[in-house]
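Here is the file query-v3.pdb (PDB, C-alpha atoms).
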ATOM      1  CA  MET A   1     128.089  86.720  93.304
ATOM      2  CA  ALA A   2     125.906  85.579  96.197
ATOM      3  CA  LEU A   3     126.181  88.139  98.985
ATOM      4  CA  ASN A   4     125.878  87.696 102.725
ATOM      5  CA  ILE A   5     123.647  90.690 103.486
ATOM      6  CA  LEU A   6     122.371  92.462 106.592
ATOM      7  CA  ILE A   7     119.360  94.788 106.390
ATOM      8  CA  CYS A   8     119.298  97.107 109.393
ATOM      9  CA  ASP A   9     116.225  99.319 109.815
ATOM     10  CA  ASP A  10     113.845  99.843 112.741
ATOM     11  CA  SER A  11     110.842  99.695 110.390
ATOM     12  CA  LYS A  12     109.637  96.222 109.431
ATOM     13  CA  PHE A  13     107.889  97.769 106.404
ATOM     14  CA  SER A  14     111.149  99.365 105.317
ATOM     15  CA  ARG A  15     113.107  96.137 105.763
ATOM     16  CA  LYS A  16     110.468  94.382 103.643
ATOM     17  CA  ARG A  17     110.852  97.034 100.925
ATOM     18  CA  VAL A  18     114.629  96.678 100.902
ATOM     19  CA  ARG A  19     114.364  92.885 100.777
ATOM     20  CA  ALA A  20     111.904  93.143  97.865
ATOM     21  CA  ALA A  21     114.401  95.279  95.948
ATOM     22  CA  LEU A  22     117.031  92.555  96.109
ATOM     23  CA  GLU A  23     117.202  89.958  93.326
ATOM     24  CA  GLU A  24     117.195  86.377  94.562
ATOM     25  CA  SER A  25     120.357  85.700  92.547
ATOM     26  CA  TRP A  26     122.326  88.366  94.474
ATOM     27  CA  ILE A  27     121.553  86.846  97.863
ATOM     28  CA  GLY A  28     123.583  84.164  99.595
ATOM     29  CA  GLU A  29     122.230  84.721 103.080
ATOM     30  CA  ILE A  30     120.125  87.540 104.404
ATOM     31  CA  HIS A  31     119.923  88.810 107.993
ATOM     32  CA  GLU A  32     117.786  91.511 109.582
ATOM     33  CA  ALA A  33     118.334  93.828 112.545
ATOM     34  CA  GLU A  34     116.043  96.452 114.101
ATOM     35  CA  ASP A  35     118.766  98.741 115.426
ATOM     36  CA  GLY A  36     122.513  99.244 115.430
ATOM     37  CA  ASP A  37     123.017  97.198 118.557
ATOM     38  CA  GLN A  38     121.399  94.110 117.026
ATOM     39  CA  ALA A  39     123.308  94.757 113.803
ATOM     40  CA  LEU A  40     126.629  94.879 115.642
ATOM     41  CA  GLU A  41     125.926  91.452 117.141
ATOM     42  CA  VAL A  42     125.283  90.044 113.650
ATOM     43  CA  CYS A  43     128.428  91.747 112.320
ATOM     44  CA  ARG A  44     130.532  90.125 115.054
ATOM     45  CA  SER A  45     129.280  86.632 114.263
ATOM     46  CA  GLU A  46     128.806  86.702 110.472
ATOM     47  CA  ALA A  47     131.202  87.382 107.600
ATOM     48  CA  LEU A  48     129.015  89.968 105.898
ATOM     49  CA  ASP A  49     129.588  91.322 102.397
ATOM     50  CA  LEU A  50     127.025  94.095 102.575
ATOM     51  CA  ILE A  51     125.024  96.103 105.114
ATOM     52  CA  LEU A  52     121.992  98.099 103.948
ATOM     53  CA  LEU A  53     121.744 100.565 106.810
ATOM     54  CA  ASP A  54     119.143 103.051 108.033
ATOM     55  CA  LEU A  55     120.393 106.032 110.063
ATOM     56  CA  THR A  56     117.548 107.096 112.380
ATOM     57  CA  MET A  57     116.986 104.185 114.750
ATOM     58  CA  PRO A  58     116.475 103.703 118.487
ATOM     59  CA  ILE A  59     119.122 102.318 120.893
ATOM     60  CA  MET A  60     122.061 102.611 118.479
ATOM     61  CA  ASP A  61     121.611 104.691 115.323
ATOM     62  CA  GLY A  62     123.317 104.194 111.974
ATOM     63  CA  PHE A  63     126.087 106.731 112.665
ATOM     64  CA  GLN A  64     126.930 104.974 115.928
ATOM     65  CA  LEU A  65     126.998 101.601 114.193
ATOM     66  CA  LEU A  66     129.366 102.907 111.511
ATOM     67  CA  ALA A  67     131.677 104.241 114.240
ATOM     68  CA  ALA A  68     131.513 100.938 116.160
ATOM     69  CA  LEU A  69     132.318  98.905 113.015
ATOM     70  CA  ASP A  70     135.341 101.090 112.378
ATOM     71  CA  GLN A  71     136.472 100.732 115.984
ATOM     72  CA  GLU A  72     136.166  96.939 115.838
ATOM     73  CA  ASP A  73     137.770  96.819 112.396
ATOM     74  CA  ILE A  74     134.736  95.093 110.847
ATOM     75  CA  ARG A  75     134.598  96.239 107.240
ATOM     76  CA  PRO A  76     131.749  94.989 105.051
ATOM     77  CA  THR A  77     130.514  97.365 102.348
ATOM     78  CA  VAL A  78     127.869  99.637 103.889
ATOM     79  CA  ILE A  79     125.180 101.344 101.813
ATOM     80  CA  VAL A  80     123.122 103.786 103.836
ATOM     81  CA  ILE A  81     119.433 103.917 102.858
ATOM     82  CA  SER A  82     117.963 106.763 104.868
ATOM     83  CA  ALA A  83     115.189 109.348 105.027
ATOM     84  CA  ASP A  84     117.637 111.765 106.675
ATOM     85  CA  VAL A  85     118.470 113.564 103.449
ATOM     86  CA  GLN A  86     120.443 116.435 104.967
ATOM     87  CA  GLU A  87     123.713 116.993 103.121
ATOM     88  CA  GLY A  88     125.343 116.838 106.559
ATOM     89  CA  ALA A  89     123.921 113.361 107.208
ATOM     90  CA  ARG A  90     125.198 112.064 103.885
ATOM     91  CA  ALA A  91     128.644 113.583 104.432
ATOM     92  CA  ARG A  92     128.843 112.233 107.992
ATOM     93  CA  ALA A  93     127.852 108.702 106.888
ATOM     94  CA  LEU A  94     130.464 108.693 104.118
ATOM     95  CA  GLU A  95     133.122 110.040 106.523
ATOM     96  CA  LEU A  96     132.317 107.199 108.909
ATOM     97  CA  GLY A  97     132.944 104.637 106.188
ATOM     98  CA  ALA A  98     129.703 104.142 104.262
ATOM     99  CA  ALA A  99     130.351 103.442 100.580
ATOM    100  CA  GLU A 100     127.150 105.035  99.267
ATOM    101  CA  PHE A 101     124.084 106.949 100.422
ATOM    102  CA  ILE A 102     120.649 106.251  98.919
ATOM    103  CA  PRO A 103     117.830 108.604  99.969
ATOM    104  CA  LYS A 104     114.412 107.177 100.905
ATOM    105  CA  PRO A 105     112.037 106.560  99.286
ATOM    106  CA  PHE A 106     114.223 104.524  96.947
ATOM    107  CA  ASP A 107     113.504 102.111  94.103
ATOM    108  CA  LYS A 108     114.999  98.855  92.881
ATOM    109  CA  PRO A 109     116.880 100.364  89.871
ATOM    110  CA  LYS A 110     118.609 102.824  92.211
ATOM    111  CA  LEU A 111     119.804 100.028  94.505
ATOM    112  CA  GLN A 112     120.784  97.857  91.552
ATOM    113  CA  GLY A 113     122.795 100.689  89.964
ATOM    114  CA  THR A 114     124.589 101.321  93.254
ATOM    115  CA  LEU A 115     125.464  97.649  93.732
ATOM    116  CA  GLN A 116     126.766  97.489  90.140
ATOM    117  CA  ARG A 117     128.840 100.643  90.599
ATOM    118  CA  LEU A 118     130.395  99.150  93.725
ATOM    119  CA  GLY A 119     131.161  95.918  91.844
ATOM    120  CA  LEU A 120     129.006  93.823  94.168
ATOM    121  CA  ILE A 121     126.788  92.347  91.421
TER
ATOM    122  CA  MET B   1      87.501 105.728 114.326
ATOM    123  CA  VAL B   2      89.014 102.288 114.707
ATOM    124  CA  ALA B   3      92.509 101.558 115.964
ATOM    125  CA  LEU B   4      95.368 101.152 113.547
ATOM    126  CA  THR B   5      96.984  97.725 113.401
ATOM    127  CA  GLU B   6     100.583  97.409 114.571
ATOM    128  CA  GLU B   7     101.604  96.842 110.955
ATOM    129  CA  LYS B   8      99.903 100.050 109.803
ATOM    130  CA  ILE B   9     101.491 102.030 112.641
ATOM    131  CA  ASP B  10     104.890 100.780 111.459
ATOM    132  CA  VAL B  11     104.142 101.834 107.863
ATOM    133  CA  LEU B  12     102.833 105.246 108.967
ATOM    134  CA  ALA B  13     105.916 105.766 111.153
ATOM    135  CA  GLU B  14     108.105 105.098 108.118
ATOM    136  CA  VAL B  15     106.014 107.462 105.972
ATOM    137  CA  THR B  16     106.359 110.085 108.740
ATOM    138  CA  ASN B  17     110.091 109.376 108.959
ATOM    139  CA  ILE B  18     110.461 110.292 105.283
ATOM    140  CA  GLY B  19     108.453 113.491 105.833
ATOM    141  CA  MET B  20     110.604 114.304 108.851
ATOM    142  CA  GLY B  21     113.775 113.803 106.799
ATOM    143  CA  GLN B  22     112.590 116.256 104.143
ATOM    144  CA  ALA B  23     111.705 118.813 106.820
ATOM    145  CA  ALA B  24     115.074 118.344 108.541
ATOM    146  CA  ALA B  25     116.901 118.938 105.260
ATOM    147  CA  ALA B  26     114.929 122.147 104.710
ATOM    148  CA  LEU B  27     115.664 123.282 108.291
ATOM    149  CA  SER B  28     119.335 122.384 107.947
ATOM    150  CA  ASP B  29     119.602 124.392 104.702
ATOM    151  CA  LEU B  30     117.818 127.337 106.291
ATOM    152  CA  LEU B  31     119.908 127.413 109.452
ATOM    153  CA  GLY B  32     123.211 126.140 108.099
ATOM    154  CA  ALA B  33     123.353 123.632 110.959
ATOM    155  CA  PHE B  34     123.086 119.872 111.332
ATOM    156  CA  VAL B  35     119.701 118.723 112.614
ATOM    157  CA  GLN B  36     119.589 115.709 114.912
ATOM    158  CA  LEU B  37     116.600 113.435 114.293
ATOM    159  CA  THR B  38     114.914 110.904 116.532
ATOM    160  CA  VAL B  39     112.530 108.093 115.620
ATOM    161  CA  PRO B  40     109.015 109.499 115.051
ATOM    162  CA  SER B  41     106.136 108.181 117.112
ATOM    163  CA  VAL B  42     102.635 107.406 115.889
ATOM    164  CA  ARG B  43      99.613 106.824 118.080
ATOM    165  CA  LEU B  44      95.919 107.394 118.377
ATOM    166  CA  ILE B  45      94.915 109.765 121.190
ATOM    167  CA  ALA B  46      91.751 111.212 122.641
ATOM    168  CA  VAL B  47      91.834 115.008 122.329
ATOM    169  CA  GLY B  48      91.504 114.993 126.118
ATOM    170  CA  ASP B  49      94.927 113.305 126.243
ATOM    171  CA  LEU B  50      96.619 116.386 124.790
ATOM    172  CA  PRO B  51      97.687 117.695 128.238
ATOM    173  CA  ALA B  52      99.523 114.424 128.915
ATOM    174  CA  VAL B  53     101.096 114.468 125.429
ATOM    175  CA  LEU B  54     102.282 118.050 125.908
ATOM    176  CA  ALA B  55     103.567 117.255 129.393
ATOM    177  CA  GLU B  56     105.785 114.545 127.863
ATOM    178  CA  LEU B  57     107.729 117.116 125.856
ATOM    179  CA  PRO B  58     111.168 117.564 127.424
ATOM    180  CA  THR B  59     111.148 121.350 127.801
ATOM    181  CA  GLU B  60     113.288 121.185 130.970
ATOM    182  CA  GLY B  61     112.020 124.489 132.258
ATOM    183  CA  GLN B  62     113.285 126.364 129.184
ATOM    184  CA  PRO B  63     111.149 128.925 127.335
ATOM    185  CA  VAL B  64     108.600 127.379 124.982
ATOM    186  CA  THR B  65     107.084 128.919 121.848
ATOM    187  CA  CYS B  66     104.115 127.332 120.100
ATOM    188  CA  ALA B  67     102.451 127.866 116.728
ATOM    189  CA  VAL B  68      99.568 126.039 115.060
ATOM    190  CA  GLN B  69      98.980 125.517 111.343
ATOM    191  CA  PRO B  70      95.759 123.890 110.133
ATOM    192  CA  PHE B  71      95.580 121.854 106.952
ATOM    193  CA  GLY B  72      92.709 120.649 104.771
ATOM    194  CA  GLY B  73      92.187 119.261 101.286
ATOM    195  CA  GLY B  74      92.911 115.543 100.972
ATOM    196  CA  LEU B  75      93.778 115.369 104.655
ATOM    197  CA  ARG B  76      92.352 117.471 107.489
ATOM    198  CA  GLY B  77      94.064 118.326 110.733
ATOM    199  CA  GLU B  78      96.618 120.661 112.207
ATOM    200  CA  VAL B  79     100.269 120.801 113.099
ATOM    201  CA  LEU B  80     101.432 122.104 116.464
ATOM    202  CA  VAL B  81     104.982 123.408 116.209
ATOM    203  CA  ILE B  82     106.684 123.671 119.591
ATOM    204  CA  LEU B  83     110.104 125.288 119.898
ATOM    205  CA  ALA B  84     111.734 124.392 123.190
ATOM    206  CA  GLY B  85     115.058 124.396 124.961
ATOM    207  CA  GLY B  86     116.208 127.793 123.746
ATOM    208  CA  ARG B  87     115.137 131.318 123.058
ATOM    209  CA  LEU B  88     113.880 132.818 119.847
ATOM    210  CA  GLU B  89     117.160 134.742 119.657
ATOM    211  CA  THR B  90     118.932 131.438 118.985
ATOM    212  CA  MET B  91     116.753 130.719 115.974
ATOM    213  CA  ALA B  92     117.001 134.323 114.804
ATOM    214  CA  ALA B  93     120.802 134.197 115.035
ATOM    215  CA  HIS B  94     120.826 131.140 112.774
ATOM    216  CA  LEU B  95     118.727 133.127 110.327
ATOM    217  CA  GLY B  96     121.299 135.918 110.385
ATOM    218  CA  LEU B  97     119.178 138.346 112.417
ATOM    219  CA  GLU B  98     120.519 140.522 115.229
ATOM    220  CA  ALA B  99     118.939 140.438 118.691
ATOM    221  CA  GLY B 100     117.746 143.992 118.019
ATOM    222  CA  ASP B 101     115.739 142.751 115.048
ATOM    223  CA  LEU B 102     113.526 140.926 117.552
ATOM    224  CA  ALA B 103     112.809 144.060 119.549
ATOM    225  CA  THR B 104     109.263 143.974 118.305
ATOM    226  CA  GLY B 105     107.061 140.991 119.066
ATOM    227  CA  ALA B 106     105.979 140.946 115.442
ATOM    228  CA  ALA B 107     109.516 140.193 114.250
ATOM    229  CA  GLY B 108     109.856 137.296 116.714
ATOM    230  CA  ALA B 109     106.511 135.897 115.646
ATOM    231  CA  ALA B 110     107.529 136.162 112.004
ATOM    232  CA  VAL B 111     110.630 134.019 112.672
ATOM    233  CA  VAL B 112     108.560 131.328 114.380
ATOM    234  CA  LEU B 113     105.872 131.338 111.720
ATOM    235  CA  ASP B 114     108.427 131.180 108.884
ATOM    236  CA  VAL B 115     110.151 128.194 110.475
ATOM    237  CA  ALA B 116     106.803 126.514 111.224
ATOM    238  CA  SER B 117     105.589 126.964 107.637
ATOM    239  CA  MET B 118     108.811 125.639 106.194
ATOM    240  CA  LEU B 119     108.884 122.545 108.431
ATOM    241  CA  ASN B 120     105.202 121.788 108.004
ATOM    242  CA  GLY B 121     105.257 122.332 104.247
ATOM    243  CA  ALA B 122     108.202 119.973 103.699
ATOM    244  CA  CYS B 123     106.951 117.314 106.118
ATOM    245  CA  LEU B 124     103.311 117.237 105.010
ATOM    246  CA  ALA B 125     104.153 117.359 101.300
ATOM    247  CA  ALA B 126     106.349 114.257 101.674
ATOM    248  CA  ILE B 127     103.726 112.435 103.750
ATOM    249  CA  GLY B 128     101.009 113.409 101.265
ATOM    250  CA  ASP B 129     103.117 112.255  98.291
ATOM    251  CA  GLN B 130     103.606 108.800  99.741
ATOM    252  CA  LEU B 131      99.982 108.401 100.773
ATOM    253  CA  GLY B 132      98.557 109.838  97.542
ATOM    254  CA  LEU B 133      96.835 112.591  99.546
ATOM    255  CA  ASP B 134      97.194 116.314  99.075
ATOM    256  CA  PRO B 135      97.061 118.233 102.362
ATOM    257  CA  GLN B 136      96.762 122.008 101.854
ATOM    258  CA  LEU B 137      98.236 124.133 104.623
ATOM    259  CA  SER B 138      96.536 127.319 105.781
ATOM    260  CA  ALA B 139      98.398 130.224 107.369
ATOM    261  CA  PRO B 140     100.094 129.439 110.701
ATOM    262  CA  ARG B 141      99.409 131.475 113.838
ATOM    263  CA  LEU B 142     101.303 131.911 117.035
ATOM    264  CA  LEU B 143      99.660 130.492 120.157
ATOM    265  CA  PHE B 144     102.259 131.801 122.607
ATOM    266  CA  GLU B 145     105.875 132.966 122.645
ATOM    267  CA  ASN B 146     108.656 132.379 125.209
ATOM    268  CA  GLY B 147     106.128 130.820 127.568
ATOM    269  CA  THR B 148     106.388 128.030 130.107
ATOM    270  CA  ASP B 149     104.850 124.557 130.286
ATOM    271  CA  ALA B 150     101.852 126.249 131.897
ATOM    272  CA  SER B 151     101.290 128.153 128.631
ATOM    273  CA  PHE B 152     100.131 124.884 127.037
ATOM    274  CA  HIS B 153      96.688 125.671 128.459
ATOM    275  CA  THR B 154      96.427 127.967 125.388
ATOM    276  CA  VAL B 155      96.724 124.890 123.162
ATOM    277  CA  LEU B 156      94.075 123.073 125.119
ATOM    278  CA  ALA B 157      91.784 126.097 125.113
ATOM    279  CA  ALA B 158      92.116 126.203 121.314
ATOM    280  CA  HIS B 159      90.660 122.673 121.185
ATOM    281  CA  GLU B 160      87.895 123.109 123.745
ATOM    282  CA  ASP B 161      85.324 124.025 121.104
ATOM    283  CA  SER B 162      86.602 121.565 118.508
ATOM    284  CA  ASP B 163      84.368 118.728 117.365
ATOM    285  CA  TRP B 164      87.259 116.296 117.419
ATOM    286  CA  SER B 165      87.011 113.462 119.864
ATOM    287  CA  ARG B 166      90.096 111.505 118.882
ATOM    288  CA  ALA B 167      93.123 112.325 116.799
ATOM    289  CA  LEU B 168      95.943 110.491 115.113
ATOM    290  CA  LEU B 169      99.131 111.918 116.569
ATOM    291  CA  LEU B 170     102.356 111.859 114.541
ATOM    292  CA  ARG B 171     105.164 113.242 116.665
ATOM    293  CA  VAL B 172     108.564 114.186 115.309
ATOM    294  CA  LYS B 173     111.469 115.990 116.952
ATOM    295  CA  PHE B 174     114.338 118.005 115.462
ATOM    296  CA  CYS B 175     117.279 119.207 117.536
ATOM    297  CA  ILE B 176     119.860 121.661 116.330
ATOM    298  CA  GLU B 177     123.022 119.898 117.354
ATOM    299  CA  ALA B 178     125.121 122.926 118.280
ATOM    300  CA  ASP B 179     122.486 124.606 120.462
ATOM    301  CA  ALA B 180     120.464 121.966 122.320
ATOM    302  CA  PHE B 181     117.526 123.722 120.659
ATOM    303  CA  CYS B 182     114.638 121.389 119.869
ATOM    304  CA  CYS B 183     111.561 121.659 117.730
ATOM    305  CA  HIS B 184     108.637 119.267 118.099
ATOM    306  CA  LEU B 185     105.961 118.775 115.449
ATOM    307  CA  LEU B 186     102.711 117.245 116.624
ATOM    308  CA  ILE B 187     100.627 116.436 113.557
ATOM    309  CA  LEU B 188      97.024 115.890 114.575
ATOM    310  CA  VAL B 189      94.669 114.317 112.066
ATOM    311  CA  ASP B 190      90.906 114.265 112.582
ATOM    312  CA  ASP B 191      88.495 111.338 112.114
ATOM    313  CA  ALA B 192      87.985 111.870 108.377
ATOM    314  CA  GLY B 193      91.715 112.291 107.850
ATOM    315  CA  PHE B 194      92.323 109.124 109.810
ATOM    316  CA  ASP B 195      90.019 107.172 107.486
ATOM    317  CA  ALA B 196      91.829 108.571 104.431
ATOM    318  CA  ILE B 197      95.200 107.584 105.912
ATOM    319  CA  ASP B 198      93.929 104.128 106.822
ATOM    320  CA  ASP B 199      92.866 103.522 103.199
ATOM    321  CA  ALA B 200      96.136 104.920 101.870
ATOM    322  CA  LEU B 201      98.181 102.674 104.168
ATOM    323  CA  GLU B 202      96.212  99.669 102.966
ATOM    324  CA  ARG B 203      97.134 100.564  99.367
ATOM    325  CA  LEU B 204     100.776 101.131 100.264
ATOM    326  CA  MET B 205     101.052  97.796 102.034
ATOM    327  CA  ASN B 206      99.654  95.989  99.018
ATOM    328  CA  GLU B 207     101.945  97.616  96.448
TER
END
Would you put the structure from the file into structure tokens?
Amino acid sequence: MALNILICDDSKFSRKRVRAALEESWIGEIHEAEDGDQALEVCRSEALDLILLDLTMPIMDGFQLLAALDQEDIRPTVIVISADVQEGARARALELGAAEFIPKPFDKPKLQGTLQRLGLI
Amino acid sequence: MVALTEEKIDVLAEVTNIGMGQAAAALSDLLGAFVQLTVPSVRLIAVGDLPAVLAELPTEGQPVTCAVQPFGGGLRGEVLVILAGGRLETMAAHLGLEAGDLATGAAGAAVVLDVASMLNGACLAAIGDQLGLDPQLSAPRLLFENGTDASFHTVLAAHEDSDWSRALLLRVKFCIEADAFCCHLLILVDDAGFDAIDDALERLMNE
């Protein structure tokens, strides 16, 4: 299945790492955003299958984006990939609608296993 | 010391972000409270810029407590831990201590130094892991307790005799959501440490 994917992270290095962990065959289209605000714009204009979302970002953070997506009834699968490894952060992200939480630093097998478990690949 | 490229600053900010996340988790476990994180900042400063850096901290006239913890080994520098926006009693209450337990200055200092050690240990270990460096923390010491912005002169005085001219500043901020209580870590790395980080970032970018 070729997925329409958004990578949302304020770090260019981190976005590059996430992109490198994705197999070419999984990707239909790929978009990038530096914060939740930019991501929300993409979500409004694109039919996304998957968002790979950081939490700690300027302007609009990952929690705020999850809340905004819920409010606007935009419901792609969201996998949070975050360095905020507090149990409270994980629980809050899942409560707000994220399907999975992957702690940073992460590796390709971890992302692949998560995508398989969610039936996305 | 040469400047870091924009790309390396981005990588170092992400490395610091991961260290900050580990420290926040340790603080959250210790206090039983959710810790609000903000994006870390990375920049190169002259040691003479420290007054301006300290003045940027949003203490809002609240009491400020400051500890310093040097580190050496694979990376040399020091961490300034600045607790602002609340009193030591707030932190002590989260640790299950009564106000009376802080009747002696030594008990208050012990709370600050325990928190500083825990934050610094978690943060620096994660940064060191990613960079393939092994910073070794020495014992922390209190610079001042329940002071004001003016007390920052103690920090500056502590650097007057240092042989540092410039420092790499990694700044992270933790706020305890329920209390508007914030903790700032300023990680200062000296010239030799900067060179080690620069090499490590180069390796990381080419992985």
List every residue of chain A that has an atom at most 7 Å from any atom of chain B, giving for each one its closest atom pair and the distance in Å to one decimal, counting all atoms listed in the file, sorted by chain and then by ascending residue number, as a Markdown table.
| residue | atom | partner | partner_atom | distance |
| --- | --- | --- | --- | --- |
| A:Ser11 | CA | B:Asp10 | CA | 6.1 |
| A:Lys12 | CA | B:Asp10 | CA | 6.9 |
| A:Phe13 | CA | B:Val11 | CA | 5.7 |
| A:Thr56 | CA | B:Val39 | CA | 6.1 |
| A:Met57 | CA | B:Val39 | CA | 6.0 |
| A:Pro58 | CA | B:Val39 | CA | 6.6 |
| A:Ala83 | CA | B:Ile18 | CA | 4.8 |
| A:Asp84 | CA | B:Gly21 | CA | 4.4 |
| A:Val85 | CA | B:Gly21 | CA | 5.8 |
| A:Gln86 | CA | B:Ala25 | CA | 4.3 |
| A:Gly88 | CA | B:Phe34 | CA | 6.1 |
| A:Lys104 | CA | B:Ile18 | CA | 6.7 |
- Message: Every residue with an atom at most 9 Å from (121.9, 98.8, 109.3) (file coordinates; all atoms listed in the file) is what I'm after, so could you write them as a PyMOL selection string?
- Response: chain A and resi 6-10+32-36+39-40+51-55+61-62+65-66+78-81
- Task: Rounded to one decimal place, report the atom CA of Asp191 of chain B-atom CA of Thr5 of chain B distance in Å.
- Result: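 Computed distance, atom CA of Asp191 of chain B to atom CA of Thr5 of chain B, equals 16.1 Å.
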- Excluding His153 of chain B and any residue of its chain fewer than 4 positions from it, enumerate the residues within 12 Å of it, using all atoms listed in the file, and give them as a ChimeraX atom specification. /B:50-52,54-55,66,143-144,147-149,157-160
- In Å to one decimal, how far is atom CA of Leu137 of chain B from atom CA of Gly73 of chain B?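 We find that atom CA of Gly73 of chain B and atom CA of Leu137 of chain B lie 8.5 Å from each other.
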- Note on the structure: Across A:Glu87, A:Glu23, A:Asp49, A:Glu41, the smallest distance to Leu3 of chain A, with all atoms listed in the file counted, is shown by A:Asp49
- Task: One decimal, Å: what's the distance from atom CA of Ser25 of chain A over to atom CA of Gln38 of chain A, could you say?
- Result: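 About the pair atom CA of Ser25 of chain A and atom CA of Gln38 of chain A: they are 25.9 Å apart.
Near Glu78 of chain B, within 10 Å and counting all atoms listed in the file, sit Val68, Gln69, Pro70, Phe71, Gly72, Asn120, Leu137, Ser138, Pro140, Leu186, Ile187, Leu188, Val189 and Asp190 of chain B, not including residues fewer than 4 positions from it in the same chain.
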- Query: Could you spell out the hits of the PyMOL selection byres ((chain B and resi 192) around 12) on the shown file, as number ranges by chain?
  - Reply: B: 1-2, 72-77, 163-168, 188-191, 193-199
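Point (131.4, 89.5, 110.6) has the following residues at most 12 Å away: Asn4, Ile5, Leu6, His31, Ala39, Leu40, Glu41, Val42, Cys43, Arg44, Ser45, Glu46, Ala47, Leu48, Asp49, Leu50, Ile51, Leu69, Glu72, Asp73, Ile74, Arg75, Pro76 and Thr77 of chain A (atoms considered: only C-alpha atoms).
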Put the listed atoms of segment 183-193 of chain B in a box along x, y and z with 5 Å added on every side and give me the centre and edge lengths in Å to one decimal, as AutoDock Vina command-line options.
--center_x 99.8 --center_y 116.5 --center_z 113.0 --size_x 33.6 --size_y 20.3 --size_z 20.2
- Message: Counting all atoms listed in the file, which residue out of A:Leu115, A:Ala2, A:Ala98, A:Ala68 sits closest to Ala21 of chain A?
- Response: A:Leu115
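Counting all atoms listed in the file, the residue from B:Ala46, B:Leu30, B:Leu169, B:Val53 that sits nearest to Ala93 of chain B is B:Leu30.
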